[in-house]
Every structure is written in structure tokens, then in C-alpha cells.
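A.B. asks: What follows is a structure written as C-alpha cells; I'll ask about it next.
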Amino acid sequence: MSGAGRRFALTLVDELARAGVTDACLAPGSRSAPLALALAEHPGIAVHVHLDERSAAANFHPAVLEADHARVPLLVLTADRPPELRGTGANQVTDQLKLYGPAVRWFCEAGVPSDDPAAGRYWRSLASRAWAEATGPPAGPVHLNLAFADPLVPPDPDPGAAAWPRPPGESGVDPSPGRGARLAGEPAEGRPGGAPWTAAPAGVWAAAPEDVAALAEAVRAGPRGLLVAGWGAGLDPAAADAFAAASGWPVLADPLSGARRGPAAVSTYDGLLRAPRFAAGHRPDLVVRVGGAPTSKALAAWLDASVPQVLVDPGAGWLDPGRGASVRLTADPSALLAAVAARLDGPAPGPWPGEWREAERRAREAIDGLREEWSEPFEGRVARDLVAWMPDGGTLVVGSSMPVRDVDAFAQPRDGLRLLANRGLSGIDGFVATALGVAAAGDEPVAALCGDLTLLHDASSLLGAAGRSRGAVLVVCDNDGGGIFSFLPQARLPAELFEPLFGTPHGLDLAALAAAARVPSRVVEKAADLVPALDAALAGGGTQLVVVRGDRAANLARHLALTEAVADAVGG
């Protein structure tokens, strides 16, 4: 291995660890050997090796796009040949310069490592900036293209050398491969005491005092108001509670917002707003929106441009697909809501909050009562029961298409649960990898809810799940196809067109797929059997598959029946 390349890789990895990087996903390859070795040797970074790089980063590009839209910090380090071998017909070379276009927050072609003793300052500064650009605000992906020349591995490894001496008492036991190996080489000198080269704390946008005063006055003048929290809101529950209590406003919170909790939370708004009389009679005077667009199409359509809306976004984005916002504030939503609450004297008298609470009670009774009459595992009940079952402190990863909509429409408010989803692009790329990555990064119980096509789309991740010490309970609603299309206009097409083009039945046995991957599985065919299956799967440890079998036509009929039941419960 080139001495400069080895020193560059060790320095870059060390500086990223000093900045805060704790985990790295690695796809096997030759050109990336210097990086792979540096990551595996570093005591502060856990390395997760994936046989299929789609499981590491979905061939990188889909993951980059998701991170861009979802504002997730992501560092993509692509190994490349040196410039003299590019554009010459050399094997395995593509143009990696600005490969991801405008989807990244920052791109840098780092250049071929040199033997200049002063190069370490550049390398460490490069890593510091990459971390700062990725963490934002707004957070997102950063791409570093790193050129490594042959040889790519040390020609004569010295087993006695140690690039990373272990702290006293460290056992050396961790999930990273090859952590006991010690190769020759040292990183360039860094700051004393393990400090980052350039500390760059993420800034927080504070609302101007005049904006706080103006919003407080608008809230005071609009007692028929709503706080709407979308995915990625990042709301401090205490700030949301304080604002709801001081304003008297109901909180319509997407479950992915983290704000569907507390006495002001209304969880049945999707059904309520599909009831024409209720929706027409409860138009708000003012709406404060935080986070992304709501999952519920009924809520998104109801919040048209005729409703005054204040959009609050800490990342200076433009999260307004309906083009309905009348005011846009760049501010930390928790700080803003807490500041506004402190200026209010309490809710104005009136029936508004009580009407929403009563509607929530009636709708919840209608939904839960009707679902309990059905013995088959209706997908909406699966979502509700899974959210209720999750242990306190756990994490539920929710798939796109129907699962996230069912959690939104049917899950009750609760504390003690974190919900995550790939809602930046609402795609199904790498869902299993996402769930397993969440499990690998923490110690809490992790479950995931998805459809059968989502599982099959990322089957390669399932094939590598059995060998990992940390796993997730994967709950799959198997209706042999794309269930969401039964709710869309395509469903009106003739069956000979709808089924092969949109329904896409696969006819595969998911339990057999799990067996091939050495993943234990359970099949649920009755609603009452779901919770016992979940209990057994969690107790079994590692990654376990729970397959809930259903029928697309029956699922559609149940959804329609529940919509009618809610409308009847609140007077149409």
C-alpha cells in the first residue's frame, strides 16, 4: 500500500471519529482497501460489512436521494482510481465526480494523497468540513471521492505494529471485523486530547422576537386553530404540550413526527376529515405547521390555500407541496412554540377543543369496535396492535405505501415509542437494511412493519440478517402484491391490466424465503394471534419474521367500512 494512501485513510477515519462518526457500512471491494482497513482498525467505529452494496447504501444513489429529502446526515466515501487511469478504458472505472449531482450538500474530489508532511492538516480539515456539511442544518448527504493508487494493501504487514493502541481495560470485543488486527502506519497528528480539528456545532435558527410576538398575537386572535406536525418535525414534547395547553388548540400529529401524544393529540383525523359534514364544520382560523407534509391525503387536501397557515422549518426549506402557506418562518419549532406559549395567557373560552376531543372519542370507539368484530388480520388492526404492543423505549420502523398510512389512520397516541420511516422519497429501497441498521445502532427493541413487495425488494438484506447479533422483528403484511394500488384510480382498470401492471402478485412463500436466510418465521392468519407471535419473536432474539397473511380486496372493503363508521359516529 502506498504510504501516503495508508496515512491518508488513517487520518481521515480518525478525524471522522473525532467529529462523531460511530458506524460505517462497507461493501467489499479492492480499491477501497485502504479505507476498509482504517475503519476496521479504529476502536471508535463499528464496521458493518454487506455482501450486496445495496444493503449498505442501496447502491449509494437511492440512499443519497433519501438522505437529501429526509435531511438525514450521510457521508458517502467512494474509492476511485487516480486521475491518470480515468477515461483510459481501465477496468471498473466510471466518472465519479459529482456523481450524485445536486442531491448532496457538498462534494469534494480529495485528490491523490501526497507525502507532504503538511498534508495531514488538509485531510483533517476535509473531514471536519464533511461532518459539518452533513449535519447541517439542514442535514443531508456529503460525497467525498477518494483516489487511491496501487498497491492498496501493506506489502509487508507488521503484526507487532499498532496504529490504534487500545485504552486500558478495553476488551477488544465489538461487532467490527478484524478489530484485533494491527497493521503498520500512523495517522497524521491531530488535536490534543482527541478533539476534532475544527469543531462545527450545528447552528439553531432562532425566530426573531418580532416573529414570536406576531405569531402569539395571531394565535390569540384565532381560537379555532390547529397545530399540525408532519414527519421529521423534531418537536420537543414539552414544547408541543406547552403550546397546546396555552393555546387550547388540538394537535394533529403524524405518528412519524414524535408529537402524537398527550391530551391534545387527535389520532383519528384521517377518518374525521373524510366525513364531509365534520370536515366542513371544523375549518380552522389558523394552522401552525411543523415538519414535512402529512401522510394523510385527507388532511393535506383539507389544508388548502383558503386556510391561513404558518409554516415553521428549521432548515430554511420549502416544505409546502400544497402551496398553501401564508407565512414561512425559519426557526427551531420547539423553541418557537415554547416562546409563543410563554406569551399566551391560556386558551380562549369556547367549544373548539372539546369538539375535537369528543370527535376523537367517537371515532376511536367506532374504529376499534368494528375492527374487533373481524377475526382476520385486517392491515389497519395490525398497525394499531403493533404500535400498542411495542415495548416502552422501543423503535418501530414503518414502511411506505400502506403501512405508514395504516399507522397514521389507526394507531392511538402513546408515549415511549420512536417511529422512523424513509419518508423523504417514500420509496421502498433498502427498507430491511434500514430496520437492521436501526437495530445495530442501539440497544432498544426494534420492530419494522412493511408490505410483501417491500420485503422482496430488499431480500438481499434479509439474506445477511441471521449472522448479526442485533436484529429486528420484521412484521410483513402479505397480500400477494401492491395493496396500495387498490385504493388508487388504477383499480378501476380491467383486471387483465390491473393485476400484472399494478397489483403485481408474486406468489412467493415468504416463510420459505426466511428459512433460506436462516431467519426464524411465524405465520399469522387470525387477528388474535398477532400479539402472541410478536411476543415469541421478540423473545427469540435476533432477526425474526412475522408474516401476516391477508387479501387485497378484503383489506380495501375494511378500510371503506371504517371510513363510513367514523362518518356515522360524528354525524356524517
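Chain labels follow the order of the C-alpha cells: the first chain is A, the next B, and so on; residue numbering restarts at 1 in every chain, and ligands are counted from 1 in their shown order.
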Please identify which residues in region 399-493 of chain A DSSP calls strand (DSSP E) from the backbone, and express them as a PyMOL selection string.

C.D. replies: chain A and resi 417-421+446-451+473-478

A.B. asks: So the first atom is CA of His506 (chain A) and the second is CA of Gly550 (chain A); what is the distance between them in Å, to one decimal place?

C.D. replies: 14.0 Å

A.B. asks: Contacts of Arg220 (chain A) at 9 Å or less, counting only C-alpha atoms, minus same-chain residues fewer than 4 places along, as an NGL selection string?

C.D. replies: :A and (215-216 or 247 or 344-348)

A.B. asks: For Gly292 (chain A), find every residue with an atom within 10 Å (counting only C-alpha atoms), except residues of its own chain fewer than 3 positions away, and show them as a tab-separated table (two decimals) with N, CA, C and O atoms, in the first residue's frame.

C.D. replies:
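File around_32.tsv, as written:
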chain	number	residue	atom	x	y	z
A	69	HIS	N	-33.68	14.35	0.80
A	69	HIS	CA	-35.05	14.80	1.03
A	69	HIS	C	-35.47	14.65	2.49
A	69	HIS	O	-36.27	15.45	2.98
A	70	ALA	N	-34.95	13.64	3.17
A	70	ALA	CA	-35.33	13.40	4.56
A	70	ALA	C	-34.44	14.14	5.55
A	70	ALA	O	-34.66	14.07	6.75
A	228	VAL	N	-50.34	21.30	13.44
A	228	VAL	CA	-50.18	20.14	12.57
A	228	VAL	C	-48.70	19.81	12.49
A	228	VAL	O	-47.89	20.64	12.06
A	229	ALA	N	-48.34	18.60	12.90
A	229	ALA	CA	-46.94	18.17	12.91
A	229	ALA	C	-46.76	17.03	11.92
A	229	ALA	O	-47.41	15.99	12.03
A	230	GLY	N	-45.87	17.24	10.94
A	230	GLY	CA	-45.58	16.22	9.96
A	230	GLY	C	-44.33	15.44	10.31
A	230	GLY	O	-43.70	15.66	11.34
A	231	TRP	N	-43.95	14.52	9.43
A	231	TRP	CA	-42.76	13.71	9.68
A	231	TRP	C	-41.53	14.64	9.74
A	231	TRP	O	-41.47	15.67	9.08
A	232	GLY	N	-40.57	14.22	10.55
A	232	GLY	CA	-39.35	15.00	10.67
A	232	GLY	C	-39.50	16.29	11.43
A	232	GLY	O	-38.64	17.17	11.33
A	233	ALA	N	-40.59	16.43	12.19
A	233	ALA	CA	-40.82	17.69	12.90
A	233	ALA	C	-39.75	17.95	13.95
A	233	ALA	O	-39.37	19.10	14.19
A	254	ASP	N	-48.82	13.62	12.74
A	254	ASP	CA	-48.40	12.40	12.06
A	254	ASP	C	-47.62	11.55	13.07
A	254	ASP	O	-46.82	12.09	13.85
A	256	LEU	N	-45.10	9.82	12.72
A	256	LEU	CA	-43.67	9.94	12.50
A	256	LEU	C	-43.10	11.24	13.02
A	256	LEU	O	-41.90	11.44	13.04
A	257	SER	N	-43.96	12.16	13.47
A	257	SER	CA	-43.50	13.44	13.99
A	257	SER	C	-42.97	13.34	15.40
A	257	SER	O	-42.26	14.23	15.87
A	289	ARG	N	-47.92	24.81	11.13
A	289	ARG	CA	-47.42	23.55	10.60
A	289	ARG	C	-45.92	23.43	10.86
A	289	ARG	O	-45.15	24.36	10.58
A	295	THR	N	-48.83	12.57	6.13
A	295	THR	CA	-49.06	11.33	5.39
A	295	THR	C	-50.49	11.27	4.89
A	295	THR	O	-50.76	10.81	3.77
A	311	LEU	N	-45.97	28.14	8.27
A	311	LEU	CA	-45.05	27.01	8.10
A	311	LEU	C	-43.75	27.31	8.83
A	311	LEU	O	-43.11	28.34	8.58
A	312	VAL	N	-43.36	26.40	9.73
A	312	VAL	CA	-42.13	26.58	10.51
A	312	VAL	C	-41.14	25.50	10.11
A	312	VAL	O	-41.44	24.31	10.17
A	313	ASP	N	-39.95	25.91	9.67
A	313	ASP	CA	-38.95	24.95	9.21
A	313	ASP	C	-37.57	25.38	9.69
A	313	ASP	O	-37.11	26.47	9.35
A	317	GLY	N	-36.01	25.27	4.48
A	317	GLY	CA	-36.54	24.61	3.29
A	317	GLY	C	-37.88	25.19	2.89
A	317	GLY	O	-38.35	26.20	3.42
A	318	TRP	N	-38.51	24.52	1.93
A	318	TRP	CA	-39.81	24.98	1.42
A	318	TRP	C	-40.73	23.77	1.39
A	318	TRP	O	-41.06	23.24	0.33
A	319	LEU	N	-41.13	23.33	2.59
A	319	LEU	CA	-41.91	22.10	2.73
A	319	LEU	C	-43.40	22.41	2.59
A	319	LEU	O	-44.18	22.29	3.53
A	320	ASP	N	-43.79	22.78	1.38
A	320	ASP	CA	-45.17	23.23	1.16
A	320	ASP	C	-45.68	22.72	-0.19
A	320	ASP	O	-45.94	23.51	-1.11
A	321	PRO	N	-45.85	21.39	-0.34
A	321	PRO	CA	-46.27	20.86	-1.64
A	321	PRO	C	-47.65	21.33	-2.06
A	321	PRO	O	-47.95	21.41	-3.25
A	423	ARG	N	-39.35	8.60	4.61
A	423	ARG	CA	-40.41	9.42	4.03
A	423	ARG	C	-39.88	10.55	3.15
A	423	ARG	O	-40.66	11.30	2.58
A	424	GLY	N	-38.56	10.66	3.03
A	424	GLY	CA	-38.04	11.68	2.15
A	424	GLY	C	-38.49	11.49	0.72
A	424	GLY	O	-38.94	12.41	0.05

A.B. asks: If you run DSSP on this backbone, which residues of region 67-242 of chain A come out as alpha helix (DSSP H), and could you give them as a short mmCIF file (atom, residue, chain, number, x, y, z; two decimals) with all heavy atoms, in the first residue's frame?

C.D. replies:
data_model
loop_
_atom_site.label_atom_id
_atom_site.label_comp_id
_atom_site.auth_asym_id
_atom_site.auth_seq_id
_atom_site.Cartn_x
_atom_site.Cartn_y
_atom_site.Cartn_z
N ALA A 67 -31.59 10.55 1.83
CA ALA A 67 -30.97 11.39 2.85
C ALA A 67 -31.13 12.86 2.53
O ALA A 67 -31.32 13.69 3.43
CB ALA A 67 -29.49 11.04 2.99
N ASP A 68 -31.08 13.20 1.24
CA ASP A 68 -31.25 14.59 0.84
C ASP A 68 -32.65 15.09 1.21
O ASP A 68 -32.81 16.12 1.86
CB ASP A 68 -31.02 14.70 -0.67
CG ASP A 68 -31.30 16.09 -1.22
OD1 ASP A 68 -31.17 17.07 -0.46
OD2 ASP A 68 -31.65 16.21 -2.41
N HIS A 69 -33.68 14.35 0.80
CA HIS A 69 -35.05 14.80 1.03
C HIS A 69 -35.47 14.65 2.49
O HIS A 69 -36.27 15.45 2.98
CB HIS A 69 -36.00 14.03 0.13
CG HIS A 69 -35.91 14.42 -1.31
ND1 HIS A 69 -36.66 15.43 -1.87
CD2 HIS A 69 -35.13 13.96 -2.31
CE1 HIS A 69 -36.36 15.56 -3.15
NE2 HIS A 69 -35.42 14.68 -3.44
N ALA A 70 -34.95 13.64 3.17
CA ALA A 70 -35.33 13.40 4.56
C ALA A 70 -34.44 14.14 5.55
O ALA A 70 -34.66 14.07 6.75
CB ALA A 70 -35.30 11.90 4.87
N ALA A 119 0.30 17.61 4.70
CA ALA A 119 -0.97 17.16 4.13
C ALA A 119 -1.98 16.79 5.22
O ALA A 119 -3.20 16.86 5.00
CB ALA A 119 -0.73 15.97 3.21
N GLY A 120 -1.50 16.39 6.38
CA GLY A 120 -2.42 15.99 7.45
C GLY A 120 -3.38 17.10 7.83
O GLY A 120 -4.54 16.84 8.19
N ARG A 121 -2.93 18.35 7.77
CA ARG A 121 -3.80 19.47 8.11
C ARG A 121 -4.98 19.53 7.13
O ARG A 121 -6.11 19.78 7.51
CB ARG A 121 -2.99 20.76 8.10
CG ARG A 121 -3.80 21.99 8.51
CD ARG A 121 -2.92 23.21 8.68
NE ARG A 121 -2.33 23.65 7.42
CZ ARG A 121 -1.03 23.57 7.12
NH1 ARG A 121 -0.18 23.05 7.99
NH2 ARG A 121 -0.57 24.00 5.96
N TYR A 122 -4.68 19.33 5.83
CA TYR A 122 -5.74 19.33 4.82
C TYR A 122 -6.70 18.17 5.04
O TYR A 122 -7.92 18.34 5.00
CB TYR A 122 -5.11 19.25 3.43
CG TYR A 122 -6.06 18.83 2.33
CD1 TYR A 122 -7.25 19.52 2.11
CD2 TYR A 122 -5.77 17.74 1.52
CE1 TYR A 122 -8.13 19.13 1.10
CE2 TYR A 122 -6.64 17.34 0.52
CZ TYR A 122 -7.81 18.03 0.31
OH TYR A 122 -8.68 17.64 -0.66
N TRP A 123 -6.18 16.98 5.29
CA TRP A 123 -7.05 15.82 5.45
C TRP A 123 -7.98 15.97 6.65
O TRP A 123 -9.15 15.63 6.57
CB TRP A 123 -6.20 14.56 5.61
CG TRP A 123 -5.32 14.26 4.42
CD1 TRP A 123 -5.52 14.67 3.13
CD2 TRP A 123 -4.10 13.51 4.43
NE1 TRP A 123 -4.51 14.21 2.33
CE2 TRP A 123 -3.61 13.50 3.09
CE3 TRP A 123 -3.35 12.87 5.40
CZ2 TRP A 123 -2.43 12.84 2.72
CZ3 TRP A 123 -2.18 12.21 5.05
CH2 TRP A 123 -1.73 12.20 3.73
N ARG A 124 -7.43 16.47 7.74
CA ARG A 124 -8.28 16.61 8.94
C ARG A 124 -9.30 17.73 8.74
O ARG A 124 -10.46 17.61 9.16
CB ARG A 124 -7.42 16.87 10.17
CG ARG A 124 -6.64 15.62 10.61
CD ARG A 124 -6.04 15.75 11.98
NE ARG A 124 -5.33 14.53 12.38
CZ ARG A 124 -5.90 13.47 12.95
NH1 ARG A 124 -7.22 13.50 13.21
NH2 ARG A 124 -5.21 12.41 13.27
N SER A 125 -8.91 18.81 8.10
CA SER A 125 -9.87 19.87 7.83
C SER A 125 -10.96 19.39 6.87
O SER A 125 -12.13 19.74 7.02
CB SER A 125 -9.14 21.07 7.22
OG SER A 125 -10.05 22.09 6.87
N LEU A 126 -10.58 18.56 5.90
CA LEU A 126 -11.54 17.99 4.96
C LEU A 126 -12.60 17.17 5.71
O LEU A 126 -13.81 17.32 5.46
CB LEU A 126 -10.80 17.10 3.96
CG LEU A 126 -11.64 16.26 3.00
CD1 LEU A 126 -12.33 17.16 1.99
CD2 LEU A 126 -10.76 15.22 2.30
N ALA A 127 -12.16 16.33 6.63
CA ALA A 127 -13.11 15.51 7.40
C ALA A 127 -14.01 16.38 8.27
O ALA A 127 -15.21 16.13 8.40
CB ALA A 127 -12.36 14.50 8.26
N SER A 128 -13.44 17.42 8.88
CA SER A 128 -14.23 18.32 9.72
C SER A 128 -15.33 19.00 8.91
O SER A 128 -16.48 19.09 9.34
CB SER A 128 -13.34 19.37 10.37
OG SER A 128 -12.45 18.81 11.30
N ARG A 129 -14.96 19.47 7.71
CA ARG A 129 -15.97 20.14 6.90
C ARG A 129 -17.04 19.15 6.42
O ARG A 129 -18.23 19.49 6.37
CB ARG A 129 -15.32 20.83 5.70
CG ARG A 129 -16.37 21.53 4.85
CD ARG A 129 -15.82 22.39 3.75
NE ARG A 129 -16.91 22.98 2.98
CZ ARG A 129 -16.76 23.72 1.90
NH1 ARG A 129 -15.54 23.99 1.45
NH2 ARG A 129 -17.80 24.19 1.25
N ALA A 130 -16.62 17.95 6.05
CA ALA A 130 -17.60 16.94 5.61
C ALA A 130 -18.63 16.68 6.69
O ALA A 130 -19.84 16.60 6.42
CB ALA A 130 -16.88 15.66 5.22
N TRP A 131 -18.17 16.55 7.93
CA TRP A 131 -19.09 16.33 9.05
C TRP A 131 -20.02 17.52 9.22
O TRP A 131 -21.23 17.37 9.39
CB TRP A 131 -18.30 16.08 10.32
CG TRP A 131 -19.14 16.05 11.56
CD1 TRP A 131 -19.40 17.09 12.39
CD2 TRP A 131 -19.86 14.93 12.08
NE1 TRP A 131 -20.23 16.70 13.42
CE2 TRP A 131 -20.52 15.37 13.26
CE3 TRP A 131 -19.99 13.61 11.70
CZ2 TRP A 131 -21.31 14.52 14.03
CZ3 TRP A 131 -20.77 12.75 12.46
CH2 TRP A 131 -21.43 13.22 13.61
N ALA A 132 -19.47 18.73 9.17
CA ALA A 132 -20.29 19.93 9.37
C ALA A 132 -21.33 20.07 8.26
O ALA A 132 -22.49 20.42 8.51
CB ALA A 132 -19.40 21.17 9.42
N GLU A 133 -20.93 19.83 7.01
CA GLU A 133 -21.88 19.95 5.91
C GLU A 133 -22.98 18.89 6.01
O GLU A 133 -24.14 19.15 5.66
CB GLU A 133 -21.14 19.80 4.57
CG GLU A 133 -20.09 20.88 4.30
CD GLU A 133 -20.71 22.18 3.82
OE1 GLU A 133 -21.94 22.26 3.69
OE2 GLU A 133 -19.94 23.13 3.56
N ALA A 134 -22.64 17.69 6.48
CA ALA A 134 -23.62 16.60 6.57
C ALA A 134 -24.62 16.82 7.70
O ALA A 134 -25.78 16.43 7.59
CB ALA A 134 -22.91 15.26 6.75
N THR A 135 -24.16 17.44 8.78
CA THR A 135 -25.05 17.61 9.93
C THR A 135 -25.89 18.87 9.86
O THR A 135 -26.85 19.03 10.61
CB THR A 135 -24.23 17.60 11.24
OG1 THR A 135 -23.16 18.53 11.15
CG2 THR A 135 -23.66 16.20 11.49
N PRO A 209 -37.58 38.12 17.67
CA PRO A 209 -38.58 38.48 18.68
C PRO A 209 -39.87 39.01 18.07
O PRO A 209 -40.97 38.72 18.57
CB PRO A 209 -37.87 39.53 19.53
CG PRO A 209 -36.42 39.23 19.36
CD PRO A 209 -36.27 38.71 17.98
N GLU A 210 -39.75 39.76 16.99
CA GLU A 210 -40.97 40.31 16.38
C GLU A 210 -41.82 39.21 15.74
O GLU A 210 -43.05 39.31 15.71
CB GLU A 210 -40.62 41.38 15.35
CG GLU A 210 -39.70 40.94 14.24
CD GLU A 210 -38.23 41.18 14.54
OE1 GLU A 210 -37.88 41.21 15.75
OE2 GLU A 210 -37.45 41.34 13.58
N ASP A 211 -41.16 38.11 15.26
CA ASP A 211 -41.92 36.99 14.71
C ASP A 211 -42.64 36.23 15.81
O ASP A 211 -43.78 35.78 15.64
CB ASP A 211 -41.00 36.05 13.94
CG ASP A 211 -40.48 36.66 12.65
OD1 ASP A 211 -41.17 37.54 12.10
OD2 ASP A 211 -39.39 36.26 12.20
N VAL A 212 -41.97 36.07 16.95
CA VAL A 212 -42.62 35.41 18.09
C VAL A 212 -43.83 36.21 18.54
O VAL A 212 -44.92 35.64 18.78
CB VAL A 212 -41.62 35.24 19.26
CG1 VAL A 212 -42.32 34.69 20.49
CG2 VAL A 212 -40.46 34.34 18.86
N ALA A 213 -43.67 37.52 18.65
CA ALA A 213 -44.78 38.37 19.09
C ALA A 213 -45.94 38.32 18.10
O ALA A 213 -47.11 38.24 18.48
CB ALA A 213 -44.30 39.81 19.29
N ALA A 214 -45.62 38.36 16.80
CA ALA A 214 -46.67 38.35 15.79
C ALA A 214 -47.42 37.03 15.78
O ALA A 214 -48.65 36.99 15.65
CB ALA A 214 -46.07 38.62 14.41
N LEU A 215 -46.69 35.92 15.95
CA LEU A 215 -47.36 34.62 15.96
C LEU A 215 -48.22 34.47 17.21
O LEU A 215 -49.34 33.94 17.14
CB LEU A 215 -46.33 33.49 15.87
CG LEU A 215 -46.90 32.08 15.83
CD1 LEU A 215 -47.90 31.91 14.69
CD2 LEU A 215 -45.78 31.04 15.71
N ALA A 216 -47.72 34.94 18.35
CA ALA A 216 -48.52 34.86 19.57
C ALA A 216 -49.82 35.66 19.43
O ALA A 216 -50.89 35.21 19.86
CB ALA A 216 -47.70 35.37 20.76
N GLU A 217 -49.74 36.81 18.81
CA GLU A 217 -50.94 37.62 18.60
C GLU A 217 -51.90 36.92 17.64
O GLU A 217 -53.13 36.94 17.86
CB GLU A 217 -50.55 38.99 18.05
CG GLU A 217 -51.73 39.93 17.83
CD GLU A 217 -52.55 40.15 19.09
OE1 GLU A 217 -51.96 40.17 20.20
OE2 GLU A 217 -53.78 40.31 18.98
N ALA A 218 -51.38 36.27 16.61
CA ALA A 218 -52.24 35.56 15.66
C ALA A 218 -52.91 34.36 16.33
O ALA A 218 -54.10 34.09 16.09
CB ALA A 218 -51.41 35.09 14.47
N VAL A 219 -52.18 33.67 17.20
CA VAL A 219 -52.78 32.54 17.93
C VAL A 219 -53.86 33.04 18.87
O VAL A 219 -54.94 32.45 18.99
CB VAL A 219 -51.68 31.77 18.70
CG1 VAL A 219 -52.31 30.74 19.64
CG2 VAL A 219 -50.72 31.09 17.73
N ARG A 220 -53.59 34.14 19.53
CA ARG A 220 -54.56 34.72 20.46
C ARG A 220 -55.83 35.13 19.71
O ARG A 220 -56.95 34.99 20.23
CB ARG A 220 -53.93 35.91 21.16
CG ARG A 220 -54.71 36.42 22.37
CD ARG A 220 -53.98 37.56 23.06
NE ARG A 220 -52.74 37.15 23.67
CZ ARG A 220 -51.53 37.52 23.26
NH1 ARG A 220 -51.42 38.32 22.21
NH2 ARG A 220 -50.45 37.11 23.88
N ALA A 221 -55.67 35.59 18.48
CA ALA A 221 -56.83 36.04 17.70
C ALA A 221 -57.52 34.90 16.96
O ALA A 221 -58.58 35.13 16.36
CB ALA A 221 -56.38 37.10 16.70
N PRO A 237 -41.44 17.23 22.99
CA PRO A 237 -42.80 17.01 23.50
C PRO A 237 -43.24 18.06 24.52
O PRO A 237 -44.41 18.47 24.53
CB PRO A 237 -42.71 15.62 24.15
CG PRO A 237 -41.61 14.93 23.41
CD PRO A 237 -40.62 16.01 23.10
N ALA A 238 -42.31 18.52 25.34
CA ALA A 238 -42.67 19.52 26.35
C ALA A 238 -43.11 20.83 25.68
O ALA A 238 -44.06 21.49 26.13
CB ALA A 238 -41.50 19.77 27.30
N ALA A 239 -42.44 21.21 24.59
CA ALA A 239 -42.81 22.45 23.89
C ALA A 239 -44.17 22.31 23.23
O ALA A 239 -44.99 23.23 23.26
CB ALA A 239 -41.75 22.79 22.85
N ALA A 240 -44.41 21.14 22.62
CA ALA A 240 -45.72 20.91 22.00
C ALA A 240 -46.83 20.93 23.04
O ALA A 240 -47.91 21.50 22.82
CB ALA A 240 -45.71 19.59 21.23
N ASP A 241 -46.58 20.29 24.18
CA ASP A 241 -47.58 20.27 25.25
C ASP A 241 -47.86 21.68 25.77
O ASP A 241 -49.02 22.04 26.01
CB ASP A 241 -47.11 19.38 26.40
CG ASP A 241 -47.13 17.90 26.04
OD1 ASP A 241 -47.70 17.55 24.98
OD2 ASP A 241 -46.56 17.10 26.80
N ALA A 242 -46.79 22.45 25.97
CA ALA A 242 -46.96 23.81 26.49
C ALA A 242 -47.77 24.65 25.51
O ALA A 242 -48.66 25.42 25.92
CB ALA A 242 -45.60 24.44 26.75
#

A.B. asks: Go through A:Ala265, A:Ala448, A:Ala79, A:Ala36 and flag the residue nearest Asp415 (chain A), using only C-alpha atoms for the distances.

C.D. replies: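 Of all the options, A:Ala265 lies closest to Asp415 (chain A).
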
A.B. asks: Here is a test: counting only C-alpha atoms, which residue of A:Asn555, A:Thr78, A:Thr22, A:Ser30 is nearest to Glu109 (chain A)?

C.D. replies: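 Checking each candidate against Glu109 (chain A), we get A:Thr78 as the closest.
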
A.B. asks: So which residues touch Ala17 (chain A) within 10 Å, counting only C-alpha atoms, skipping near sequence neighbours fewer than 6 positions away, as an MDAnalysis selection string?

C.D. replies: chainID A and resid 11 23 39 42:45 127 131 194:196
